[in-house]
Amino acid sequence: MSVAMVTLGCTRNEVDSEELAGRLSAGGFRLVADPAEADTVVVNTCGFVEQAKKDSVDTLLEAADLKETGRAQAVVAVGCMAERYGKELADSLPEADAVLGFDDYPDIASKLRAIVNGEAHHPHTPQDRRLLLPISPVERDASTVSTPGFDVDEVRARLSSEPWAPLKLASGCDRRCTFCAIPTFRGSFVSRRPSDVLHEAQWLAGQGVKELFLVSENSTSYGKDLGDLRLLETLLPELAAVEGIERVRVSYLQPAETRPGLIRAIAQTPGVVPYFDLSFQHASNAVLRRMKRFGDPESFLKLLADVRALAPDAGVRSNFIVGFPGETEEDVQILCDFLTEARLDFTGVFGYSDEDGTEAADFAEELKLDEDVIRERYERVQGLVEELNAQRAEERIGEYVDVLVESAESLEDGVVEVTGRAAHQGPEVDGITTLHDTDASVGDTVRALVVATEGVDLVARAVARVHA
């Protein structure tokens, strides 16, 4: 019986999908890429924000249509939205044959086979997964709960042929940001054992992966539950030394937890790219306090100065929320002034919306902003960051960059367009670099001189092949 995995949301979900794919393959299912050609379709949903939830429902409905137009016999929802809403999602979406939670992952093959055979699956009642582990991080044992992406040793099946792959460092989060529901359905923070991370890195290298993209909900907390908060600083050189791995990239750093030693490790360890994915969320101290976060323009700018003192060409990206309850025009101006001075490479902007189960959703109504105000502020800040990010890209003209080739596509005129990512460009969201004067193939690393830009994207002329 064939199965297709459809993955929505973040790179952490991609790891989870590859774990599920491996378990299904080991359980006798044949993996196929096209849902229209599959006997069963498993949709790994995202439940982060309203638009992501809508996309997940739309994808499930499209997959359900394949039971009429294709060969699909069953459509199953897994992932964050399925875990977060459980029975509520199952009741509201009868088109899906089952809604499976994280606790179903270890036995996914037999669960799916039973569903195809017509057995009814009773969806779980969601619970606050933070309560499944002790409050004290050092007393936590990840093996006592089902944690997606942890049990992938010799199980994971790659669903992509890209020369990079996400590698999960940890799962869950102990922070209590008032806008975020992720800890309630992903659980408390738990780190993977360094030996498990290193073993999976070696396996990925054997699959042809050249770049490891380290993912978690909060990479700066890695090791705190294992008794060593500096564990990532010692793990990075070991990952970079794995045969076949050419570069290692770390994602999702909390600014308030980004230590000088970690900055040095990312900025100066050979094989680790100087790339800083810093979750600022806002710059106004008043807004950040209501978010239950820490910081202000001065501390954030100092952090950026420390980064650039060690790695002047470092890539820096961040995300920001506008329209948060209580945000004033002065707060927006503080944010805009910070963005102008920060010179970020890539900036994600989101308009605030209430999320089920979050503290901010229950804030007093007089603090909530009208949707028109949020939309206007979003468009204003989005327009600013597009201009600022384009200017930052232009500053790179004349720089030499090492580009990991991800695509070599033949065009109609016989020309081959080669594209990839420079060290400061993270996968999928940070723009690309188009290479001229090269016959490089996917997986090669090419030294190139930046000669032009197109928004945040770079155009570069190849000067040497670094790895093939």
# chains A, B, ... in the order shown; residues from 1 in each chain; ligands from 1

$ residues_around --residues "Leu226 (chain A)" --least-positions-apart "2" --cutoff "10 Å" --atoms "only C-alpha atoms" --output "list of chain:residue names"
A:Pro137, A:Val138, A:Glu139, A:Arg140, A:Asp141, A:Val190, A:Ser191, A:Arg192, A:Arg193, A:Pro194, A:Tyr222, A:Gly223, A:Lys224, A:Asp228, A:Leu229, A:Leu231

$ residues_around --residues "Val316 (chain A)" --least-positions-apart "3" --cutoff "9 Å" --atoms "only C-alpha atoms" --output "number ranges by chain"
A: 274-278, 304, 343-347, 424-425

$ atom_distance --atom1 "CA of Val99 (chain A)" --atom2 "CA of Glu119 (chain A)"
13.1 Å

$ select_by_dssp --residues "region 303-378 of chain A" --states "strand (DSSP E or B)" --output "PyMOL selection string"
chain A and resi 315-322+346-351

$ write_last_selection --atoms "all heavy atoms" --output "mmCIF file, in the first residue's frame"
data_model
loop_
_atom_site.group_PDB
_atom_site.id
_atom_site.type_symbol
_atom_site.label_atom_id
_atom_site.label_comp_id
_atom_site.auth_asym_id
_atom_site.auth_seq_id
_atom_site.Cartn_x
_atom_site.Cartn_y
_atom_site.Cartn_z
ATOM 1 N N GLY A 315 25.095 36.920 8.467
ATOM 2 C CA GLY A 315 23.696 37.076 8.106
ATOM 3 C C GLY A 315 22.844 37.147 9.358
ATOM 4 O O GLY A 315 23.061 36.390 10.309
ATOM 5 N N VAL A 316 21.891 38.065 9.375
ATOM 6 C CA VAL A 316 20.999 38.212 10.526
ATOM 7 C C VAL A 316 19.568 38.306 10.026
ATOM 8 O O VAL A 316 19.262 39.114 9.150
ATOM 9 C CB VAL A 316 21.324 39.471 11.362
ATOM 10 C CG1 VAL A 316 20.418 39.524 12.595
ATOM 11 C CG2 VAL A 316 22.789 39.487 11.771
ATOM 12 N N ARG A 317 18.698 37.465 10.569
ATOM 13 C CA ARG A 317 17.281 37.544 10.250
ATOM 14 C C ARG A 317 16.478 37.599 11.544
ATOM 15 O O ARG A 317 16.956 37.204 12.614
ATOM 16 C CB ARG A 317 16.824 36.353 9.418
ATOM 17 C CG ARG A 317 16.751 35.027 10.147
ATOM 18 C CD ARG A 317 15.815 34.039 9.446
ATOM 19 N NE ARG A 317 14.435 34.468 9.542
ATOM 20 C CZ ARG A 317 13.677 34.861 8.502
ATOM 21 N NH1 ARG A 317 14.152 34.858 7.282
ATOM 22 N NH2 ARG A 317 12.440 35.254 8.678
ATOM 23 N N SER A 318 15.227 38.093 11.464
ATOM 24 C CA SER A 318 14.370 38.118 12.628
ATOM 25 C C SER A 318 12.916 38.235 12.196
ATOM 26 O O SER A 318 12.619 38.501 11.026
ATOM 27 C CB SER A 318 14.723 39.283 13.564
ATOM 28 O OG SER A 318 14.030 39.158 14.800
ATOM 29 N N ASN A 319 12.007 38.029 13.153
ATOM 30 C CA ASN A 319 10.571 38.189 12.939
ATOM 31 C C ASN A 319 10.024 39.215 13.918
ATOM 32 O O ASN A 319 10.530 39.343 15.045
ATOM 33 C CB ASN A 319 9.837 36.863 13.142
ATOM 34 C CG ASN A 319 10.215 35.823 12.101
ATOM 35 O OD1 ASN A 319 10.341 36.138 10.922
ATOM 36 N ND2 ASN A 319 10.415 34.595 12.539
ATOM 37 N N PHE A 320 8.967 39.903 13.493
ATOM 38 C CA PHE A 320 8.366 40.940 14.317
ATOM 39 C C PHE A 320 6.846 40.867 14.223
ATOM 40 O O PHE A 320 6.296 40.551 13.163
ATOM 41 C CB PHE A 320 8.841 42.333 13.872
ATOM 42 C CG PHE A 320 10.321 42.537 14.042
ATOM 43 C CD1 PHE A 320 11.205 42.150 13.046
ATOM 44 C CD2 PHE A 320 10.835 43.080 15.204
ATOM 45 C CE1 PHE A 320 12.569 42.312 13.193
ATOM 46 C CE2 PHE A 320 12.203 43.242 15.375
ATOM 47 C CZ PHE A 320 13.075 42.862 14.370
ATOM 48 N N ILE A 321 6.189 41.164 15.332
ATOM 49 C CA ILE A 321 4.732 41.226 15.393
ATOM 50 C C ILE A 321 4.321 42.684 15.541
ATOM 51 O O ILE A 321 4.819 43.381 16.439
ATOM 52 C CB ILE A 321 4.190 40.415 16.581
ATOM 53 C CG1 ILE A 321 4.554 38.936 16.433
ATOM 54 C CG2 ILE A 321 2.678 40.578 16.703
ATOM 55 C CD1 ILE A 321 4.217 38.104 17.655
ATOM 56 N N VAL A 322 3.427 43.153 14.691
ATOM 57 C CA VAL A 322 2.888 44.510 14.819
ATOM 58 C C VAL A 322 1.404 44.415 15.154
ATOM 59 O O VAL A 322 0.735 43.441 14.809
ATOM 60 C CB VAL A 322 3.093 45.340 13.533
ATOM 61 C CG1 VAL A 322 4.569 45.572 13.272
ATOM 62 C CG2 VAL A 322 2.457 44.658 12.333
ATOM 63 N N PHE A 346 17.191 39.793 6.541
ATOM 64 C CA PHE A 346 15.856 39.289 6.223
ATOM 65 C C PHE A 346 14.946 39.529 7.419
ATOM 66 O O PHE A 346 15.346 39.302 8.566
ATOM 67 C CB PHE A 346 15.894 37.791 5.893
ATOM 68 C CG PHE A 346 16.947 37.457 4.870
ATOM 69 C CD1 PHE A 346 18.163 36.924 5.267
ATOM 70 C CD2 PHE A 346 16.733 37.712 3.530
ATOM 71 C CE1 PHE A 346 19.148 36.645 4.352
ATOM 72 C CE2 PHE A 346 17.709 37.432 2.599
ATOM 73 C CZ PHE A 346 18.926 36.898 3.006
ATOM 74 N N THR A 347 13.724 39.954 7.141
ATOM 75 C CA THR A 347 12.813 40.346 8.208
ATOM 76 C C THR A 347 11.414 39.835 7.901
ATOM 77 O O THR A 347 10.844 40.163 6.864
ATOM 78 C CB THR A 347 12.769 41.880 8.359
ATOM 79 O OG1 THR A 347 14.107 42.402 8.389
ATOM 80 C CG2 THR A 347 12.032 42.271 9.631
ATOM 81 N N GLY A 348 10.868 39.044 8.809
ATOM 82 C CA GLY A 348 9.481 38.611 8.682
ATOM 83 C C GLY A 348 8.589 39.495 9.529
ATOM 84 O O GLY A 348 8.907 39.778 10.692
ATOM 85 N N VAL A 349 7.481 39.951 8.975
ATOM 86 C CA VAL A 349 6.546 40.816 9.693
ATOM 87 C C VAL A 349 5.182 40.137 9.723
ATOM 88 O O VAL A 349 4.706 39.649 8.694
ATOM 89 C CB VAL A 349 6.429 42.202 9.026
ATOM 90 C CG1 VAL A 349 5.487 43.093 9.826
ATOM 91 C CG2 VAL A 349 7.803 42.860 8.901
ATOM 92 N N PHE A 350 4.560 40.117 10.894
ATOM 93 C CA PHE A 350 3.253 39.488 11.057
ATOM 94 C C PHE A 350 2.318 40.449 11.776
ATOM 95 O O PHE A 350 2.722 41.124 12.726
ATOM 96 C CB PHE A 350 3.367 38.196 11.876
ATOM 97 C CG PHE A 350 4.260 37.160 11.255
ATOM 98 C CD1 PHE A 350 5.619 37.156 11.498
ATOM 99 C CD2 PHE A 350 3.725 36.204 10.409
ATOM 100 C CE1 PHE A 350 6.452 36.206 10.917
ATOM 101 C CE2 PHE A 350 4.547 35.245 9.821
ATOM 102 C CZ PHE A 350 5.904 35.252 10.069
ATOM 103 N N GLY A 351 1.080 40.509 11.311
ATOM 104 C CA GLY A 351 0.058 41.251 12.026
ATOM 105 C C GLY A 351 -0.499 40.397 13.148
ATOM 106 O O GLY A 351 -0.779 39.213 12.960
#

$ atom_distance --atom1 "CA of Leu93 (chain A)" --atom2 "CA of Ala77 (chain A)"
10.0 Å

$ residues_around --residues "Ile432 (chain A)" --least-positions-apart "2" --cutoff "9 Å" --atoms "only C-alpha atoms" --output "list in words"
Thr419, Gly420, Arg421, Ala422, Gln425, Gly426, Pro427, Glu428, Val429, Asp430, Thr434, Val456, Asp457, Leu458 and Val459 of chain A

$ closest_residue --among "A:Ala440, A:Leu232, A:Ala283, A:Leu214" --to "Leu262 (chain A)" --atoms "only C-alpha atoms"
A:Leu232

$ residues_around --residues "region 108-113 of chain A" --least-positions-apart "2" --cutoff "7 Å" --atoms "only C-alpha atoms" --output "short mmCIF file (atom, residue, chain, number, x, y, z; two decimals) with N, CA and C atoms, in the first residue's frame"
data_model
loop_
_atom_site.label_atom_id
_atom_site.label_comp_id
_atom_site.auth_asym_id
_atom_site.auth_seq_id
_atom_site.Cartn_x
_atom_site.Cartn_y
_atom_site.Cartn_z
N ARG A 23 8.91 5.38 9.59
CA ARG A 23 8.13 4.39 10.34
C ARG A 23 7.12 3.70 9.42
N LEU A 24 6.51 4.47 8.53
CA LEU A 24 5.55 3.88 7.60
C LEU A 24 6.24 2.92 6.63
N GLY A 27 7.00 -0.16 8.26
CA GLY A 27 5.79 -0.89 8.54
C GLY A 27 5.11 -1.46 7.31
N ASP A 104 0.43 8.90 18.86
CA ASP A 104 0.19 7.86 17.86
C ASP A 104 1.40 7.63 16.95
N TYR A 105 2.40 8.52 17.00
CA TYR A 105 3.50 8.43 16.05
C TYR A 105 4.30 7.14 16.12
N PRO A 106 4.65 6.64 17.31
CA PRO A 106 5.48 5.43 17.34
C PRO A 106 4.82 4.23 16.67
N ILE A 115 -6.95 2.15 9.94
CA ILE A 115 -7.87 3.17 9.42
C ILE A 115 -8.30 2.81 8.00
N VAL A 116 -7.35 2.37 7.18
CA VAL A 116 -7.66 1.98 5.80
C VAL A 116 -8.63 0.80 5.80
N ASN A 117 -8.49 -0.08 6.78
CA ASN A 117 -9.36 -1.25 6.86
C ASN A 117 -10.73 -0.94 7.46
#

$ select_by_dssp --residues "region 95-262 of chain A" --states "helix (DSSP H, G or I)" --output "number ranges by chain"
A: 102-116, 129-132, 137-139, 142-144, 182-186, 194-206, 219-221, 224-226, 231-240, 255-257, 260-262

$ residues_around --residues "Ala64 (chain A)" --least-positions-apart "2" --cutoff "9 Å" --atoms "only C-alpha atoms" --output "PyMOL selection string"
chain A and resi 41+59-62+66-68+72+74-75+95-97

$ write_last_selection --atoms "N, CA and C atoms" --output "mmCIF file, in the first residue's frame"
data_model
loop_
_atom_site.group_PDB
_atom_site.id
_atom_site.type_symbol
_atom_site.label_atom_id
_atom_site.label_comp_id
_atom_site.auth_asym_id
_atom_site.auth_seq_id
_atom_site.Cartn_x
_atom_site.Cartn_y
_atom_site.Cartn_z
ATOM 1 N N VAL A 41 -3.058 9.222 2.213
ATOM 2 C CA VAL A 41 -2.407 10.531 2.278
ATOM 3 C C VAL A 41 -2.357 10.971 3.732
ATOM 4 N N THR A 59 -5.717 22.035 2.747
ATOM 5 C CA THR A 59 -4.930 20.916 2.226
ATOM 6 C C THR A 59 -5.600 19.584 2.539
ATOM 7 N N LEU A 60 -6.169 19.458 3.719
ATOM 8 C CA LEU A 60 -6.882 18.228 4.073
ATOM 9 C C LEU A 60 -8.101 18.025 3.175
ATOM 10 N N LEU A 61 -8.811 19.109 2.868
ATOM 11 C CA LEU A 61 -9.981 19.001 1.990
ATOM 12 C C LEU A 61 -9.562 18.617 0.569
ATOM 13 N N GLU A 62 -8.455 19.196 0.095
ATOM 14 C CA GLU A 62 -7.951 18.838 -1.230
ATOM 15 C C GLU A 62 -7.554 17.359 -1.267
ATOM 16 N N LEU A 66 -9.300 13.532 -3.280
ATOM 17 C CA LEU A 66 -8.627 12.463 -4.021
ATOM 18 C C LEU A 66 -9.296 11.110 -3.805
ATOM 19 N N LYS A 67 -10.123 11.007 -2.773
ATOM 20 C CA LYS A 67 -10.867 9.762 -2.580
ATOM 21 C C LYS A 67 -11.939 9.590 -3.661
ATOM 22 N N GLU A 68 -12.291 10.721 -4.308
ATOM 23 C CA GLU A 68 -13.253 10.668 -5.410
ATOM 24 C C GLU A 68 -12.562 10.667 -6.766
ATOM 25 N N ALA A 72 -6.876 7.409 -3.586
ATOM 26 C CA ALA A 72 -6.770 7.458 -2.125
ATOM 27 C C ALA A 72 -7.938 6.751 -1.449
ATOM 28 N N ALA A 74 -7.784 6.681 2.147
ATOM 29 C CA ALA A 74 -7.874 7.320 3.460
ATOM 30 C C ALA A 74 -7.004 8.565 3.493
ATOM 31 N N VAL A 75 -7.486 9.576 4.221
ATOM 32 C CA VAL A 75 -6.744 10.812 4.448
ATOM 33 C C VAL A 75 -6.660 11.030 5.957
ATOM 34 N N GLU A 95 -14.344 15.028 6.588
ATOM 35 C CA GLU A 95 -13.702 14.576 5.347
ATOM 36 C C GLU A 95 -12.404 13.820 5.624
ATOM 37 N N ALA A 96 -11.745 14.142 6.746
ATOM 38 C CA ALA A 96 -10.538 13.403 7.145
ATOM 39 C C ALA A 96 -10.953 12.114 7.853
ATOM 40 N N ASP A 97 -10.318 11.014 7.503
ATOM 41 C CA ASP A 97 -10.693 9.719 8.074
ATOM 42 C C ASP A 97 -10.215 9.549 9.500
#

$ closest_residue --among "A:Arg264, A:Arg377, A:His121, A:Lys368" --to "Leu310 (chain A)" --atoms "only C-alpha atoms"
A:Arg264

$ closest_residue --among "A:Lys87, A:Glu394, A:Gly323, A:Leu339" --to "Arg375 (chain A)" --atoms "only C-alpha atoms"
A:Gly323

$ closest_residue --among "A:Ser251, A:Thr184, A:Ser353, A:Ser219" --to "Thr11 (chain A)" --atoms "only C-alpha atoms"
A:Ser251
